[in-house]
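What follows is final_29.txt (compact mmCIF, C-alpha atoms).
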```
# COMPACT_ATOMS: atom_id res chain seq x y z
CA MET A 1207 34.12 55.62 -33.84
CA ALA A 1208 34.52 54.96 -30.11
CA ASP A 1209 37.90 55.50 -28.46
CA THR A 1210 38.30 51.75 -27.94
CA VAL A 1211 38.38 49.39 -30.93
CA ARG A 1212 36.62 46.09 -30.25
CA TRP A 1213 38.30 43.15 -31.92
CA GLY A 1214 36.70 39.88 -32.86
CA ILE A 1215 39.19 37.02 -33.22
CA LEU A 1216 38.31 34.28 -35.67
CA GLY A 1217 40.17 31.12 -34.70
CA ALA A 1218 41.25 29.76 -31.34
CA GLY A 1219 44.74 28.40 -32.01
CA SER A 1220 48.18 29.54 -30.96
CA MET A 1221 48.26 32.50 -33.37
CA ALA A 1222 44.91 33.74 -32.10
CA GLU A 1223 46.19 33.62 -28.54
CA ALA A 1224 49.48 35.34 -29.42
CA PHE A 1225 47.63 38.12 -31.22
CA ALA A 1226 45.22 38.61 -28.33
CA ARG A 1227 48.12 38.85 -25.90
CA GLY A 1228 49.76 41.40 -28.18
CA LEU A 1229 46.60 43.53 -28.14
CA ALA A 1230 46.98 43.83 -24.37
CA GLU A 1231 49.84 46.26 -25.13
CA LEU A 1232 47.36 48.70 -26.69
CA PRO A 1233 45.23 50.67 -24.21
CA ASP A 1234 42.69 51.54 -26.90
CA ALA A 1235 42.06 47.94 -28.00
CA VAL A 1236 40.00 45.15 -26.49
CA VAL A 1237 39.04 41.65 -27.60
CA SER A 1238 35.26 41.52 -27.31
CA ALA A 1239 34.68 38.06 -28.82
CA VAL A 1240 36.41 34.95 -30.10
CA GLY A 1241 34.87 32.54 -32.57
CA SER A 1242 35.72 29.07 -33.79
CA ARG A 1243 33.93 26.16 -35.43
CA SER A 1244 34.83 24.40 -32.18
CA LEU A 1245 32.89 26.15 -29.44
CA ASP A 1246 34.92 24.32 -26.80
CA ARG A 1247 38.17 25.74 -28.16
CA ALA A 1248 36.67 29.22 -28.36
CA LYS A 1249 35.49 28.95 -24.75
CA GLY A 1250 38.92 27.72 -23.68
CA LEU A 1251 40.67 30.73 -25.20
CA ALA A 1252 38.04 33.08 -23.80
CA GLU A 1253 38.54 31.68 -20.30
CA ARG A 1254 42.35 31.89 -20.47
CA LEU A 1255 42.35 35.50 -21.65
CA ARG A 1256 39.12 36.72 -20.01
CA ILE A 1257 37.42 37.44 -23.32
CA PRO A 1258 33.75 38.16 -22.57
CA LYS A 1259 32.18 36.25 -25.46
CA ALA A 1260 32.86 32.94 -27.23
CA VAL A 1261 30.86 31.69 -30.21
CA GLY A 1262 30.88 28.46 -32.18
CA SER A 1263 30.50 29.75 -35.72
CA VAL A 1264 32.24 32.11 -38.11
CA GLU A 1265 28.93 33.65 -39.13
CA GLU A 1266 27.97 34.55 -35.57
CA LEU A 1267 31.29 36.26 -34.86
CA VAL A 1268 31.40 38.39 -38.02
CA ALA A 1269 27.77 39.43 -37.57
CA SER A 1270 28.24 40.52 -33.95
CA PRO A 1271 27.45 44.21 -33.30
CA GLU A 1272 30.05 44.05 -30.52
CA VAL A 1273 32.88 43.62 -33.05
CA ASP A 1274 34.46 46.56 -34.90
CA LEU A 1275 37.31 44.72 -36.62
CA VAL A 1276 37.87 41.02 -37.37
CA TYR A 1277 41.23 39.29 -37.08
CA VAL A 1278 41.30 36.06 -39.13
CA SER A 1279 43.68 33.43 -37.73
CA THR A 1280 42.11 30.28 -39.11
CA PRO A 1281 44.00 27.72 -41.26
CA ASN A 1282 45.42 28.93 -44.57
CA HIS A 1283 42.93 27.16 -46.81
CA VAL A 1284 39.93 29.02 -45.36
CA HIS A 1285 41.38 32.53 -45.23
CA ARG A 1286 39.57 33.62 -48.39
CA GLU A 1287 36.26 32.13 -47.26
CA HIS A 1288 36.41 33.78 -43.85
CA MET A 1289 37.49 37.17 -45.18
CA VAL A 1290 34.60 37.08 -47.66
CA LEU A 1291 32.18 36.31 -44.82
CA ALA A 1292 33.54 39.13 -42.67
CA LEU A 1293 33.57 41.70 -45.46
CA GLY A 1294 30.10 40.57 -46.50
CA SER A 1295 28.93 41.39 -42.97
CA GLY A 1296 30.41 44.87 -43.24
CA LYS A 1297 33.40 44.17 -41.03
CA PRO A 1298 36.95 45.43 -41.69
CA VAL A 1299 39.52 42.63 -41.73
CA LEU A 1300 43.07 41.90 -40.66
CA CYS A 1301 44.00 38.43 -41.98
CA GLU A 1302 46.93 36.27 -40.99
CA LYS A 1303 49.57 35.48 -43.58
CA PRO A 1304 49.41 34.04 -46.11
CA PHE A 1305 46.61 36.33 -47.23
CA ALA A 1306 45.22 33.52 -49.40
CA LEU A 1307 46.33 30.31 -51.08
CA ASN A 1308 47.15 32.06 -54.35
CA ALA A 1309 46.95 35.40 -56.13
CA GLY A 1310 43.58 34.59 -57.68
CA GLU A 1311 41.97 34.26 -54.26
CA ALA A 1312 43.75 37.41 -53.08
CA ARG A 1313 42.45 39.45 -56.00
CA GLU A 1314 38.92 38.27 -55.30
CA VAL A 1315 39.13 39.45 -51.69
CA ALA A 1316 40.78 42.75 -52.65
CA GLU A 1317 38.05 43.50 -55.18
CA LEU A 1318 35.36 42.75 -52.59
CA ALA A 1319 36.98 44.96 -49.94
CA ARG A 1320 37.49 47.82 -52.36
CA SER A 1321 33.96 47.66 -53.75
CA ALA A 1322 32.58 47.65 -50.20
CA GLY A 1323 34.88 50.46 -49.09
CA LEU A 1324 36.13 48.38 -46.15
CA PHE A 1325 39.59 48.19 -44.61
CA CYS A 1326 41.44 44.97 -45.36
CA MET A 1327 45.07 44.05 -44.73
CA GLU A 1328 47.33 41.02 -44.51
CA ALA A 1329 48.77 40.58 -41.01
CA MET A 1330 52.39 40.62 -42.18
CA TRP A 1331 53.52 41.60 -38.70
CA SER A 1332 57.21 41.68 -39.65
CA ARG A 1333 56.68 44.87 -41.68
CA PHE A 1334 55.44 46.76 -38.63
CA ILE A 1335 58.22 45.84 -36.20
CA PRO A 1336 60.02 49.11 -35.20
CA CYS A 1337 63.40 47.77 -36.29
CA MET A 1338 62.07 47.11 -39.79
CA ALA A 1339 60.71 50.64 -40.00
CA ARG A 1340 64.21 51.87 -39.11
CA LEU A 1341 65.69 49.62 -41.81
CA ARG A 1342 63.44 51.20 -44.43
CA GLU A 1343 64.54 54.65 -43.29
CA LEU A 1344 68.20 53.68 -43.68
CA VAL A 1345 67.57 52.32 -47.17
CA ARG A 1346 65.62 55.40 -48.28
CA GLY A 1347 68.33 57.63 -46.82
CA GLY A 1348 71.03 56.00 -48.95
CA THR A 1349 72.99 54.69 -45.97
CA ILE A 1350 74.47 51.81 -48.00
CA GLY A 1351 74.27 53.46 -51.39
CA GLU A 1352 72.33 51.77 -54.15
CA VAL A 1353 70.67 48.63 -52.78
CA GLN A 1354 71.65 45.65 -54.90
CA MET A 1355 71.12 42.31 -53.14
CA LEU A 1356 69.27 40.64 -50.29
CA SER A 1357 70.22 37.33 -48.72
CA ALA A 1358 67.79 35.91 -46.16
CA GLN A 1359 66.98 32.55 -44.64
CA MET A 1360 64.39 31.11 -42.31
CA GLY A 1361 64.21 27.56 -41.02
CA TYR A 1362 63.14 25.51 -38.01
CA PRO A 1363 63.12 21.71 -37.56
CA PHE A 1364 59.40 21.03 -37.14
CA GLU A 1365 58.25 17.56 -36.14
CA TYR A 1366 56.79 15.71 -39.09
CA ARG A 1367 53.08 15.11 -38.47
CA PRO A 1368 51.15 13.97 -41.55
CA GLY A 1369 47.69 15.50 -41.47
CA GLY A 1370 48.88 18.44 -39.35
CA ARG A 1371 48.50 21.97 -40.64
CA LEU A 1372 52.10 22.36 -41.80
CA TRP A 1373 52.25 19.04 -43.59
CA ASP A 1374 48.79 18.82 -45.18
CA PRO A 1375 48.42 20.10 -48.79
CA GLY A 1376 44.67 20.35 -48.25
CA GLN A 1377 45.17 22.91 -45.47
CA GLY A 1378 47.60 25.03 -47.44
CA GLY A 1379 50.64 23.53 -45.75
CA GLY A 1380 54.26 23.67 -46.83
CA VAL A 1381 57.23 25.90 -46.15
CA LEU A 1382 56.55 28.36 -48.97
CA LEU A 1383 53.17 29.48 -47.61
CA ASP A 1384 54.21 29.27 -43.96
CA LEU A 1385 57.74 30.74 -43.89
CA GLY A 1386 58.48 31.71 -47.47
CA VAL A 1387 55.93 34.52 -47.38
CA TYR A 1388 58.09 36.35 -44.82
CA LEU A 1389 61.11 36.14 -47.10
CA VAL A 1390 59.30 37.23 -50.25
CA SER A 1391 57.54 40.03 -48.36
CA MET A 1392 60.89 41.36 -47.16
CA ALA A 1393 62.37 41.14 -50.65
CA LEU A 1394 59.52 43.11 -52.23
CA ASP A 1395 59.53 45.63 -49.40
CA LEU A 1396 63.24 46.43 -49.76
CA LEU A 1397 64.05 45.70 -53.41
CA GLY A 1398 60.78 46.37 -55.22
CA PRO A 1399 58.77 44.50 -57.86
CA VAL A 1400 59.86 41.06 -59.05
CA GLU A 1401 60.55 40.47 -62.74
CA GLY A 1402 61.81 36.89 -62.67
CA VAL A 1403 61.85 33.86 -60.38
CA VAL A 1404 63.96 30.72 -60.15
CA GLY A 1405 63.21 28.20 -57.42
CA PHE A 1406 63.83 24.66 -56.27
CA ALA A 1407 62.14 22.59 -53.59
CA SER A 1408 62.35 19.39 -51.63
CA MET A 1409 59.01 17.65 -51.13
CA ALA A 1410 57.88 15.83 -48.01
CA GLU A 1411 56.15 12.44 -48.19
CA SER A 1412 52.82 14.17 -47.54
CA GLY A 1413 53.21 16.19 -50.74
CA VAL A 1414 54.06 19.62 -49.36
CA ASP A 1415 57.31 21.51 -49.94
CA ASP A 1416 59.53 21.23 -46.86
CA ARG A 1417 62.64 23.06 -48.15
CA VAL A 1418 62.89 25.77 -50.78
CA GLY A 1419 65.55 27.93 -52.37
CA LEU A 1420 64.59 30.98 -54.44
CA VAL A 1421 66.37 33.61 -56.48
CA LEU A 1422 64.29 36.65 -57.40
CA ARG A 1423 65.24 39.23 -60.00
CA HIS A 1424 63.85 42.64 -59.14
CA SER A 1425 63.56 45.78 -61.24
CA GLY A 1426 66.86 47.51 -61.81
CA GLY A 1427 68.81 44.25 -61.74
CA ARG A 1428 68.54 43.78 -57.98
CA LEU A 1429 68.60 40.20 -56.70
CA SER A 1430 67.24 38.29 -53.69
CA ASN A 1431 68.60 34.93 -52.56
CA LEU A 1432 66.06 33.32 -50.22
CA SER A 1433 65.84 29.94 -48.49
CA ALA A 1434 63.40 28.35 -46.06
CA SER A 1435 63.07 25.01 -44.31
CA LEU A 1436 60.61 23.06 -42.17
CA THR A 1437 63.16 20.33 -41.49
CA GLY A 1438 66.33 22.10 -40.35
CA ALA A 1439 67.61 25.16 -38.52
CA THR A 1440 69.04 28.16 -40.39
CA GLY A 1441 70.59 31.43 -39.26
CA ASN A 1442 67.23 33.23 -39.59
CA ASP A 1443 69.00 36.49 -40.35
CA ALA A 1444 69.25 38.70 -43.42
CA VAL A 1445 71.91 40.80 -45.14
CA LEU A 1446 71.06 43.72 -47.40
CA SER A 1447 73.95 44.72 -49.66
CA GLY A 1448 74.50 48.01 -51.43
CA SER A 1449 77.13 49.85 -53.43
CA GLY A 1450 78.36 51.59 -50.28
CA GLY A 1451 77.96 48.98 -47.58
CA LEU A 1452 75.67 46.43 -46.02
CA ILE A 1453 73.09 46.08 -43.28
CA ARG A 1454 72.80 42.85 -41.32
CA VAL A 1455 69.36 42.23 -39.80
CA ALA A 1456 69.82 40.22 -36.62
CA GLU A 1457 68.09 36.92 -35.92
CA PRO A 1458 65.19 36.52 -36.17
CA PHE A 1459 64.88 38.85 -39.16
CA TYR A 1460 61.07 38.85 -39.00
CA ARG A 1461 61.08 40.45 -35.51
CA PRO A 1462 64.57 41.89 -35.06
CA GLU A 1463 65.82 44.33 -32.47
CA ARG A 1464 69.28 45.02 -33.89
CA LEU A 1465 70.77 46.18 -37.17
CA THR A 1466 74.48 46.21 -37.95
CA VAL A 1467 75.44 48.82 -40.52
CA ARG A 1468 78.81 48.58 -42.24
CA SER A 1469 80.19 51.04 -44.76
CA VAL A 1470 82.66 49.96 -47.44
CA SER A 1471 84.79 51.72 -50.05
CA PRO A 1472 85.45 50.60 -53.63
CA ILE A 1473 88.42 48.25 -54.03
CA SER A 1474 91.11 49.39 -56.47
CA PRO A 1475 92.70 46.48 -58.37
CA GLY A 1476 96.48 46.06 -58.31
CA ALA A 1477 98.68 46.62 -61.30
CA ASP A 1478 98.63 42.90 -62.06
CA GLY A 1479 94.83 42.88 -61.93
CA SER A 1480 94.79 40.59 -58.89
CA GLY A 1481 92.84 42.99 -56.73
CA GLY A 1482 95.64 44.40 -54.60
CA GLY A 1483 99.14 43.45 -55.83
CA ARG A 1484 101.75 43.04 -53.10
CA LEU A 1485 99.29 44.33 -50.51
CA ALA A 1486 96.98 41.45 -51.35
CA LEU A 1487 99.80 38.96 -50.89
CA LEU A 1488 100.71 40.51 -47.54
CA LYS A 1489 97.11 40.37 -46.35
CA GLY A 1490 96.97 36.72 -47.31
CA MET A 1491 99.70 35.73 -44.87
CA PRO A 1492 98.32 33.71 -41.89
CA VAL A 1493 99.88 35.95 -39.22
CA VAL A 1494 98.46 39.08 -40.86
CA ARG A 1495 95.01 37.53 -41.16
CA SER A 1496 95.12 36.55 -37.48
CA VAL A 1497 95.96 40.09 -36.37
CA ALA A 1498 93.41 41.60 -38.75
CA ARG A 1499 90.60 39.52 -37.27
CA ARG A 1500 91.34 41.08 -33.89
CA ILE A 1501 91.78 44.70 -34.88
CA ASP A 1502 89.45 45.14 -37.87
CA PRO A 1503 86.34 45.62 -35.70
CA LEU A 1504 88.17 48.31 -33.70
CA ILE A 1505 89.28 50.05 -36.89
CA ASP A 1506 85.73 49.94 -38.24
CA LEU A 1507 84.44 51.44 -35.02
CA ALA A 1508 87.07 54.21 -35.00
CA ARG A 1509 86.34 55.12 -38.61
CA GLY A 1510 82.62 55.02 -38.09
CA GLY A 1511 82.45 52.29 -40.71
CA ARG A 1512 80.46 49.92 -38.52
CA ARG A 1513 77.71 50.59 -36.04
CA ASP A 1514 75.09 48.60 -34.23
CA LEU A 1515 71.60 50.04 -34.00
CA VAL A 1516 69.34 48.65 -31.29
CA VAL A 1517 65.61 49.22 -31.75
CA PRO A 1518 63.78 47.58 -28.81
CA LEU A 1519 60.58 45.62 -29.17
CA SER A 1520 57.77 45.79 -26.64
CA GLY A 1521 55.52 42.85 -25.84
CA ASN A 1522 55.43 40.01 -28.35
CA GLY A 1523 55.35 42.39 -31.33
CA TYR A 1524 51.91 41.52 -32.69
CA GLN A 1525 50.41 44.78 -31.46
CA TYR A 1526 52.21 46.91 -34.04
CA GLN A 1527 50.21 45.60 -36.99
CA ALA A 1528 47.02 45.92 -34.94
CA ALA A 1529 47.87 49.54 -34.14
CA GLU A 1530 48.28 50.25 -37.86
CA ALA A 1531 44.91 48.63 -38.63
CA MET A 1532 43.28 50.75 -35.94
CA ARG A 1533 44.98 53.90 -37.23
CA CYS A 1534 43.66 53.22 -40.73
CA LEU A 1535 40.18 52.51 -39.41
CA ARG A 1536 40.03 55.80 -37.51
CA ALA A 1537 41.50 57.75 -40.44
CA GLY A 1538 39.00 56.27 -42.87
CA GLU A 1539 41.77 54.56 -44.87
CA THR A 1540 40.81 51.24 -46.44
CA GLU A 1541 44.40 50.11 -47.06
CA SER A 1542 47.68 50.52 -45.22
CA PRO A 1543 50.56 52.15 -47.12
CA VAL A 1544 52.91 49.75 -45.32
CA MET A 1545 51.07 46.61 -46.45
CA PRO A 1546 48.64 47.47 -49.26
CA LEU A 1547 46.51 44.80 -50.88
CA ASP A 1548 48.46 44.98 -54.14
CA GLU A 1549 51.57 43.99 -52.20
CA SER A 1550 49.83 40.90 -50.79
CA ILE A 1551 48.78 39.99 -54.32
CA ALA A 1552 52.33 40.54 -55.61
CA ILE A 1553 53.76 38.22 -52.94
CA LEU A 1554 51.35 35.48 -53.97
CA ASP A 1555 52.10 36.11 -57.65
CA VAL A 1556 55.72 35.20 -56.86
CA LEU A 1557 54.70 32.09 -54.90
CA ASP A 1558 52.33 31.09 -57.70
CA GLU A 1559 55.11 31.31 -60.27
CA VAL A 1560 57.39 29.16 -58.13
CA ARG A 1561 54.69 26.55 -57.53
CA ARG A 1562 53.64 26.62 -61.15
CA ARG A 1563 57.09 25.33 -61.97
CA TRP A 1564 56.54 22.54 -59.44
CA GLY A 1565 53.05 21.77 -60.79
CA ASP A 1566 51.38 22.58 -57.45
CA LEU A 1567 49.41 25.80 -57.68
CA GLY A 1568 46.28 25.02 -55.69
CA SER A 1569 42.75 26.16 -56.44
CA ASN A 1570 41.58 29.22 -58.36
CA PRO A 1571 44.86 30.13 -60.11
```
Exercise: express the given structure as structure tokens:
Amino acid sequence: MADTVRWGILGAGSMAEAFARGLAELPDAVVSAVGSRSLDRAKGLAERLRIPKAVGSVEELVASPEVDLVYVSTPNHVHREHMVLALGSGKPVLCEKPFALNAGEAREVAELARSAGLFCMEAMWSRFIPCMARLRELVRGGTIGEVQMLSAQMGYPFEYRPGGRLWDPGQGGGVLLDLGVYLVSMALDLLGPVEGVVGFASMAESGVDDRVGLVLRHSGGRLSNLSASLTGATGNDAVLSGSGGLIRVAEPFYRPERLTVRSVSPISPGADGSGGGRLALLKGMPVVRSVARRIDPLIDLARGGRRDLVVPLSGNGYQYQAAEAMRCLRAGETESPVMPLDESIAILDVLDEVRRRWGDLGSNP
């Protein structure tokens, strides 16, 4: 293929614009066209970003000979439809998260892409952030021993707007599909397949889930404790715990630039079984605790037991997933090893199980 990959962006909202701006970081990428069911919106985005072509239909964009790869950034409930149209026109696809409304839709798209021999990937941009790649290296290298638990949270106080994308069940709204996918994706990426799910939710007046809490049981007895909210702020960080330490992923965990690694040693219980005998009593004294808070970080640093790793991010971060899609396209790979289609299906399998317990699965289960 040509040195420059020509992208067609389907959708003209904020995500489409953010992705297009991210592509500007890649010298071998260009946005050749933008399409939307609203031609005015497509023209507006094209004018702002100097995109040469704007069209007013999905069909026209995916059929364009000037497009090598389609990025789908339309509302959640039409992801499947628009991926099917693009793949049916012979176009490789990068689709915004969530990949589909449920695992049934995702399997349909995956089967179509595989039968056509076309590249297809969910745009789970968090997996391609350089800091997350470094985190995977640390985990594989046994930096914190055997990985056992993940605790992660994501929440922002969005304004309640009935009928808006986030709050409309008909558009695939709700916190689970919008923010929860990041959490579940991270859990599967770091802890592996899920064997059991427990979840609770708070429901907004419009009928979508606005707060959720999940506990996932992974293979090998590993556990994830995940929470997300559309109504309140959270720390938006994550902690990965292992038998030999922990790694804190700085806020926001979905596009971090810093990891804090801390090593720990096994604790020997005291003779009375209290966990430390007289030493434990001494450490419990207020004056000792006060001094410890001041000197413990210095002791950790001197022992090499704690270190901060800074992995800078360039641009807005959306270009990294695009670069992987382009690499796969040039290499003739139809799936990315970082975000394969089976992983997108597995994420939605988890969300389906949670929603099945709530009685809100959506179409095509």
Legend entry - Distance criterion (all atoms listed in the file): nearest to A:Ala1239 out of A:Ser1435, A:Asn1282, A:Ser1357, A:Ser1270: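 Going through A:Ser1435, A:Asn1282, A:Ser1357, A:Ser1270 one by one, the smallest distance to A:Ala1239 is for A:Ser1270.
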Legend entry - Non-local contacts of stretch 1464-1466 of chain A (8 Å; all atoms listed in the file; under 6 positions in same chain excluded) as a list in words: Cys1337, Leu1341, Ile1453, Arg1454, Val1455, Ala1456, Arg1512, Arg1513, Asp1514, Leu1515, Val1516, Val1517 and Pro1518 of chain A
Legend entry - Separation of atom CA of A:Leu1318 from atom CA of A:Gly1296, in Å and rounded to one decimal: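 Answer for the atom CA of A:Leu1318 to atom CA of A:Gly1296 separation: 10.8 Å.
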Can you tell me which residues surround A:Gly1521 at a distance of at most 10 Å, considering all atoms listed in the file, apart from same-chain residues fewer than 4 positions away, and format the answer as a compact mmCIF listing (two decimals) with C-alpha atoms, keeping the file's coordinate frame?
```
# COMPACT_ATOMS: atom_id res chain seq x y z
CA ARG A 1227 48.12 38.85 -25.90
CA GLY A 1228 49.76 41.40 -28.18
CA LEU A 1229 46.60 43.53 -28.14
CA ALA A 1230 46.98 43.83 -24.37
CA GLU A 1231 49.84 46.26 -25.13
CA GLN A 1525 50.41 44.78 -31.46
CA TYR A 1526 52.21 46.91 -34.04
```
Legend entry - Distance criterion (only C-alpha atoms): nearest to A:Ser1430 out of A:Cys1326, A:Ile1553, A:Val1404, A:Leu1356: A:Leu1356
Could you give me, as an mmCIF file with C-alpha atoms, keeping the file's coordinate frame, the residues that sit within 7 Å of (67.8, 26.7, -49.3) in the file's coordinates, counting all atoms listed in the file?
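What ended up in out.cif:
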```
data_model
loop_
_atom_site.group_PDB
_atom_site.id
_atom_site.type_symbol
_atom_site.label_atom_id
_atom_site.label_comp_id
_atom_site.auth_asym_id
_atom_site.auth_seq_id
_atom_site.Cartn_x
_atom_site.Cartn_y
_atom_site.Cartn_z
ATOM 1 C CA ARG A 1417 62.640 23.060 -48.150
ATOM 2 C CA VAL A 1418 62.890 25.770 -50.780
ATOM 3 C CA GLY A 1419 65.550 27.930 -52.370
ATOM 4 C CA LEU A 1432 66.060 33.320 -50.220
ATOM 5 C CA SER A 1433 65.840 29.940 -48.490
ATOM 6 C CA ALA A 1434 63.400 28.350 -46.060
#
```
Legend entry - Among the residues A:Leu1394, A:Leu1255, A:Val1560, A:Ala1222, the one that comes closest to A:Leu1300 [using only C-alpha atoms]: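 Nearest candidate to A:Leu1300 out of A:Leu1394, A:Leu1255, A:Val1560, A:Ala1222: A:Ala1222.
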Any idea what's packed within 10 Å of A:Pro1399, counting only C-alpha atoms, ignoring anything in its chain fewer than 3 positions away? Could you give it as an mmCIF file with C-alpha atoms, keeping the file's coordinate frame?
```cif
data_model
loop_
_atom_site.group_PDB
_atom_site.id
_atom_site.type_symbol
_atom_site.label_atom_id
_atom_site.label_comp_id
_atom_site.auth_asym_id
_atom_site.auth_seq_id
_atom_site.Cartn_x
_atom_site.Cartn_y
_atom_site.Cartn_z
ATOM 1 C CA ALA A 1393 62.370 41.140 -50.650
ATOM 2 C CA LEU A 1394 59.520 43.110 -52.230
ATOM 3 C CA ASP A 1395 59.530 45.630 -49.400
ATOM 4 C CA LEU A 1396 63.240 46.430 -49.760
ATOM 5 C CA GLY A 1402 61.810 36.890 -62.670
ATOM 6 C CA LEU A 1422 64.290 36.650 -57.400
ATOM 7 C CA ARG A 1423 65.240 39.230 -60.000
ATOM 8 C CA HIS A 1424 63.850 42.640 -59.140
ATOM 9 C CA SER A 1425 63.560 45.780 -61.240
ATOM 10 C CA GLY A 1426 66.860 47.510 -61.810
ATOM 11 C CA ARG A 1428 68.540 43.780 -57.980
ATOM 12 C CA GLU A 1549 51.570 43.990 -52.200
ATOM 13 C CA ALA A 1552 52.330 40.540 -55.610
ATOM 14 C CA ILE A 1553 53.760 38.220 -52.940
ATOM 15 C CA VAL A 1556 55.720 35.200 -56.860
#
```
Legend entry - Coordinates-based distance that separates atom CA of A:Arg1342 from atom CA of A:Leu1382 (Å, one decimal):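 If I compute the distance from atom CA of A:Leu1382 to atom CA of A:Arg1342, I get 24.3 Å.
Note that atom CA of A:Glu1223 and atom CA of A:Asp1274 are 18.6 Å apart.
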